[in-house]
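Enquirer: Quick one, start33.cif (mmCIF, C-alpha atoms):
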data_entry
#
loop_
_atom_site.label_atom_id
_atom_site.label_comp_id
_atom_site.auth_asym_id
_atom_site.auth_seq_id
_atom_site.Cartn_x
_atom_site.Cartn_y
_atom_site.Cartn_z
CA MET A 231 9.09 -22.60 -35.10
CA LEU A 232 8.55 -19.95 -32.44
CA THR A 233 11.67 -18.11 -33.62
CA PHE A 234 10.32 -18.07 -37.17
CA ILE A 235 6.96 -16.68 -36.01
CA ASN A 236 8.74 -13.98 -33.98
CA TRP A 237 10.84 -13.10 -37.01
CA ILE A 238 7.71 -12.75 -39.16
CA SER A 239 5.97 -10.59 -36.56
CA VAL A 240 8.95 -8.25 -36.33
CA TRP A 241 9.35 -7.79 -40.08
CA ALA A 242 5.75 -7.97 -41.40
CA ILE A 243 4.73 -4.34 -40.86
CA PRO A 244 8.00 -2.74 -42.10
CA VAL A 245 7.91 -4.91 -45.23
CA ILE A 246 4.30 -3.96 -45.96
CA ILE A 247 5.01 -0.27 -45.35
CA ALA A 248 7.95 -0.40 -47.75
CA PHE A 249 6.22 -2.61 -50.33
CA VAL A 250 3.06 -0.57 -50.89
CA PRO A 251 4.71 2.70 -52.00
CA LEU A 252 7.30 0.83 -54.07
CA TYR A 253 4.59 -1.17 -55.82
CA ALA A 254 2.56 2.00 -56.45
CA PHE A 255 5.67 3.69 -57.84
CA THR A 256 6.28 0.83 -60.27
CA LYS A 257 2.66 1.13 -61.46
CA LYS A 258 3.17 4.89 -62.04
CA VAL A 259 0.71 5.85 -59.29
CA PRO A 260 1.40 9.32 -57.83
CA VAL A 261 1.92 8.06 -54.28
CA TYR A 262 2.02 11.34 -52.36
CA GLU A 263 -0.89 12.91 -54.27
CA SER A 264 -2.98 9.77 -53.74
CA PHE A 265 -2.18 9.86 -50.04
CA VAL A 266 -3.22 13.54 -49.75
CA ASP A 267 -6.47 12.91 -51.64
CA GLY A 268 -7.25 10.00 -49.34
CA ALA A 269 -6.52 12.11 -46.27
CA LYS A 270 -8.93 14.80 -47.50
CA ASP A 271 -11.67 12.20 -48.00
CA GLY A 272 -10.92 10.71 -44.59
CA PHE A 273 -11.40 14.04 -42.85
CA SER A 274 -14.86 14.57 -44.33
CA THR A 275 -15.80 10.99 -43.51
CA ALA A 276 -14.68 11.46 -39.90
CA ILE A 277 -16.92 14.52 -39.57
CA SER A 278 -19.93 12.72 -41.07
CA ILE A 279 -19.73 9.71 -38.72
CA ILE A 280 -19.58 11.68 -35.45
CA PRO A 281 -23.37 11.50 -34.84
CA HIS A 282 -23.33 7.73 -35.37
CA LEU A 283 -20.41 7.31 -32.95
CA VAL A 284 -22.08 9.43 -30.28
CA GLY A 285 -25.28 7.39 -30.54
CA MET A 286 -23.38 4.12 -30.26
CA MET A 287 -21.33 5.33 -27.27
CA VAL A 288 -24.48 6.42 -25.43
CA ALA A 289 -26.13 3.05 -26.10
CA ILE A 290 -23.09 1.16 -24.79
CA SER A 291 -22.92 3.34 -21.68
CA VAL A 292 -26.61 2.73 -20.97
CA PHE A 293 -26.14 -1.02 -21.48
CA ARG A 294 -23.30 -1.14 -18.96
CA ALA A 295 -24.72 1.35 -16.43
CA SER A 296 -28.18 -0.26 -16.38
CA GLY A 297 -26.78 -3.56 -15.14
CA ALA A 298 -27.82 -5.40 -18.30
CA LEU A 299 -24.21 -6.48 -18.94
CA ASP A 300 -23.92 -7.95 -15.44
CA PHE A 301 -27.26 -9.73 -15.87
CA VAL A 302 -26.23 -11.33 -19.17
CA ILE A 303 -22.90 -12.39 -17.66
CA SER A 304 -24.65 -13.98 -14.65
CA LEU A 305 -26.79 -16.05 -17.03
CA PHE A 306 -23.86 -17.53 -18.92
CA THR A 307 -21.28 -17.93 -16.14
CA PRO A 308 -22.50 -21.40 -14.99
CA LEU A 309 -22.41 -22.73 -18.56
CA VAL A 310 -18.87 -21.56 -19.33
CA SER A 311 -17.62 -22.69 -15.91
CA TRP A 312 -19.02 -26.16 -16.60
CA MET A 313 -17.04 -26.24 -19.88
CA GLY A 314 -13.81 -25.41 -18.04
CA VAL A 315 -13.64 -21.82 -19.19
CA PRO A 316 -12.79 -19.20 -16.56
CA GLY A 317 -15.77 -16.92 -16.00
CA GLU A 318 -13.47 -13.89 -16.00
CA VAL A 319 -13.24 -13.94 -19.82
CA LEU A 320 -17.00 -14.01 -20.41
CA PRO A 321 -17.50 -10.22 -20.21
CA LEU A 322 -14.89 -9.88 -22.95
CA GLY A 323 -17.01 -11.99 -25.29
CA ILE A 324 -19.94 -9.67 -24.66
CA LEU A 325 -18.00 -6.39 -24.73
CA ARG A 326 -15.89 -7.10 -27.82
CA PRO A 327 -18.71 -6.77 -30.40
CA LEU A 328 -19.83 -3.55 -28.69
CA THR A 329 -16.68 -1.56 -28.03
CA GLY A 330 -13.07 -1.97 -29.03
CA THR A 331 -11.74 0.42 -26.42
CA GLY A 332 -13.82 -1.08 -23.62
CA SER A 333 -12.82 -4.62 -24.52
CA LEU A 334 -9.15 -3.64 -24.81
CA ALA A 335 -9.30 -2.00 -21.38
CA PHE A 336 -10.94 -5.13 -19.98
CA THR A 337 -8.28 -7.35 -21.60
CA THR A 338 -5.53 -5.13 -20.19
CA ASP A 339 -7.05 -5.41 -16.74
CA LEU A 340 -7.28 -9.22 -17.01
CA ILE A 341 -3.65 -9.44 -18.11
CA LYS A 342 -2.52 -7.13 -15.28
CA THR A 343 -4.47 -9.16 -12.73
CA HIS A 344 -3.73 -12.71 -13.94
CA GLY A 345 -0.59 -12.31 -16.05
CA PRO A 346 -0.04 -12.66 -19.80
CA ASP A 347 0.98 -16.32 -19.56
CA SER A 348 -2.00 -17.39 -17.47
CA MET A 349 -4.89 -19.23 -19.10
CA ILE A 350 -7.09 -16.16 -18.59
CA GLY A 351 -4.49 -13.86 -20.16
CA ARG A 352 -4.03 -16.15 -23.13
CA MET A 353 -7.77 -16.56 -23.62
CA ALA A 354 -8.36 -12.81 -23.37
CA SER A 355 -5.62 -12.10 -25.91
CA THR A 356 -6.91 -14.75 -28.29
CA ILE A 357 -10.50 -13.52 -27.99
CA GLN A 358 -9.31 -9.97 -28.63
CA GLY A 359 -7.68 -11.10 -31.87
CA SER A 360 -10.42 -13.52 -32.97
CA THR A 361 -13.44 -11.25 -32.77
CA ASP A 362 -14.34 -7.82 -34.06
CA THR A 363 -16.20 -4.74 -32.90
CA THR A 364 -19.22 -5.56 -35.03
CA LEU A 365 -21.56 -2.83 -33.81
CA TYR A 366 -18.83 -0.22 -34.16
CA VAL A 367 -18.02 -1.36 -37.69
CA LEU A 368 -21.67 -1.36 -38.73
CA THR A 369 -22.30 2.01 -37.13
CA VAL A 370 -19.27 3.74 -38.59
CA TYR A 371 -19.06 2.22 -42.04
CA PHE A 372 -22.76 1.91 -42.74
CA GLY A 373 -23.33 5.40 -41.35
CA ALA A 374 -20.55 6.81 -43.52
CA VAL A 375 -22.04 5.50 -46.74
CA GLY A 376 -25.68 5.94 -45.78
CA ILE A 377 -26.82 2.32 -45.48
CA ARG A 378 -29.92 2.23 -43.29
CA ASN A 379 -30.86 -1.48 -43.38
CA GLY A 380 -28.02 -3.61 -42.11
CA ARG A 381 -29.95 -6.40 -40.42
CA TYR A 382 -28.29 -9.23 -42.35
CA ALA A 383 -24.86 -7.75 -41.81
CA LEU A 384 -25.62 -7.49 -38.10
CA LYS A 385 -26.68 -11.14 -37.91
CA VAL A 386 -23.64 -12.36 -39.80
CA GLY A 387 -21.28 -10.11 -37.85
CA LEU A 388 -22.60 -11.20 -34.45
CA PHE A 389 -22.61 -14.84 -35.55
CA SER A 390 -18.96 -14.53 -36.59
CA ASP A 391 -18.17 -12.98 -33.20
CA VAL A 392 -19.78 -15.94 -31.41
CA VAL A 393 -17.86 -18.39 -33.60
CA GLY A 394 -14.61 -16.47 -33.03
CA PHE A 395 -15.21 -16.40 -29.27
CA ILE A 396 -15.94 -20.14 -29.09
CA ALA A 397 -13.02 -20.99 -31.38
CA ALA A 398 -10.65 -18.83 -29.30
CA LEU A 399 -11.71 -20.61 -26.11
CA ALA A 400 -11.51 -24.07 -27.70
CA ILE A 401 -8.08 -23.45 -29.21
CA CYS A 402 -6.72 -22.05 -25.94
CA LEU A 403 -8.05 -25.04 -24.02
CA LEU A 404 -6.59 -27.39 -26.63
CA VAL A 405 -3.18 -25.72 -26.90
CA PHE A 406 -2.64 -24.44 -23.37
CA GLY A 407 -5.07 -26.51 -21.30
#
How does this structure look as structure tokens?
Expert:
Amino acid sequence: MLTFINWISVWAIPVIIAFVPLYAFTKKVPVYESFVDGAKDGFSTAISIIPHLVGMMVAISVFRASGALDFVISLFTPLVSWMGVPGEVLPLGILRPLTGTGSLAFTTDLIKTHGPDSMIGRMASTIQGSTDTTLYVLTVYFGAVGIRNGRYALKVGLFSDVVGFIAALAICLLVFG
């Protein structure tokens, strides 16, 4: 089974990359022209979201530098320790909805410190793949299209991050524990 999963992971991206242009060609879509038009639109979108990204980055930096992240972690550490979850992965559950780069750096540090096959390394990797950068997504995509009221999307996105975090921990404890 593991060999089959490895085979799929090696061939999935090349097959998709080859399939999309071939499918477009069979549907008589001008592939290169469509790509260039999309790249032009992407450039203007990138320019328009810069203010939103700067605002989000400043807010994340203030959250971390103020000690608020450490305070929130200290509140939840006894609960997760009681459930058998290493406290080292808790900051990842808080950082992941805020910043993809910050959470990836934290995951990399956990894997370097504890190893990829440790329970902490496996949990960190699973959390990284089971949650999303909700605030980044809302900031960038809603800012790009001009949506100003995203409160329901924020609630649903953060709820899905909590469910993904808990599911990642539970599955890792079940499979590897």
Enquirer: Report, in Å with one decimal, the straight-line distance from CA of Val284 (chain A) to CA of Leu305 (chain A).
Expert: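 Taking CA of Val284 (chain A) as the start and CA of Leu305 (chain A) as the end point, the length is 29.1 Å.
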Enquirer: Using all atoms listed in the file, which protein or nucleic acid residues come within 8 Å of Glu318 (chain A)? Drop anything in the same chain fewer than 2 positions from it, and give the result as an MDAnalysis selection string.
Expert: chainID A and resid 316 320:321 340 350
Enquirer: I'd like the box whose edges run along x, y and z of the file and which contains every listed atom of region 344-355 of chain A, padded by 5 Å per side; could you state its centre and edge lengths in Å, one decimal, as lines of an AutoDock Vina configuration file?
Expert:
center_x = -3.7
center_y = -15.7
center_z = -19.9
size_x = 19.3
size_y = 17.1
size_z = 22.0
Enquirer: On this structure, the PyMOL selection byres ((chain A and resi 365) around 12) would catch which residues? List them as a ChimeraX atom specification, sorted by chain and number.
Expert: /A:282-283,285-287,289-290,324-330,361-364,366-373,380-381,383-388,391
Enquirer: Expand the PyMOL selection byres ((chain A and resi 303) around 12) into the explicit residue set it covers here, and present it as number ranges by chain.
Expert: A: 294, 297-302, 304-311, 317-325
Enquirer: Would you work out the distance separating CA of Gly394 (chain A) from CA of Ile377 (chain A), expressed in Å to one decimal?
Expert: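 Value for the CA of Gly394 (chain A)-CA of Ile377 (chain A) distance: 25.6 Å.
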Enquirer: Expand the PyMOL selection byres ((chain A and resi 337) around 10) into the explicit residue set it covers here, and present it as JSON, numbers by chain.
Expert: {"A": [319, 321, 322, 326, 331, 332, 333, 334, 335, 336, 338, 339, 340, 341, 342, 343, 346, 350, 351, 352, 353, 354, 355, 357, 358]}
Enquirer: Suppose you want the space between CA of Ala398 (chain A) and CA of Gly359 (chain A); what is it in Å?
Expert: 8.7 Å
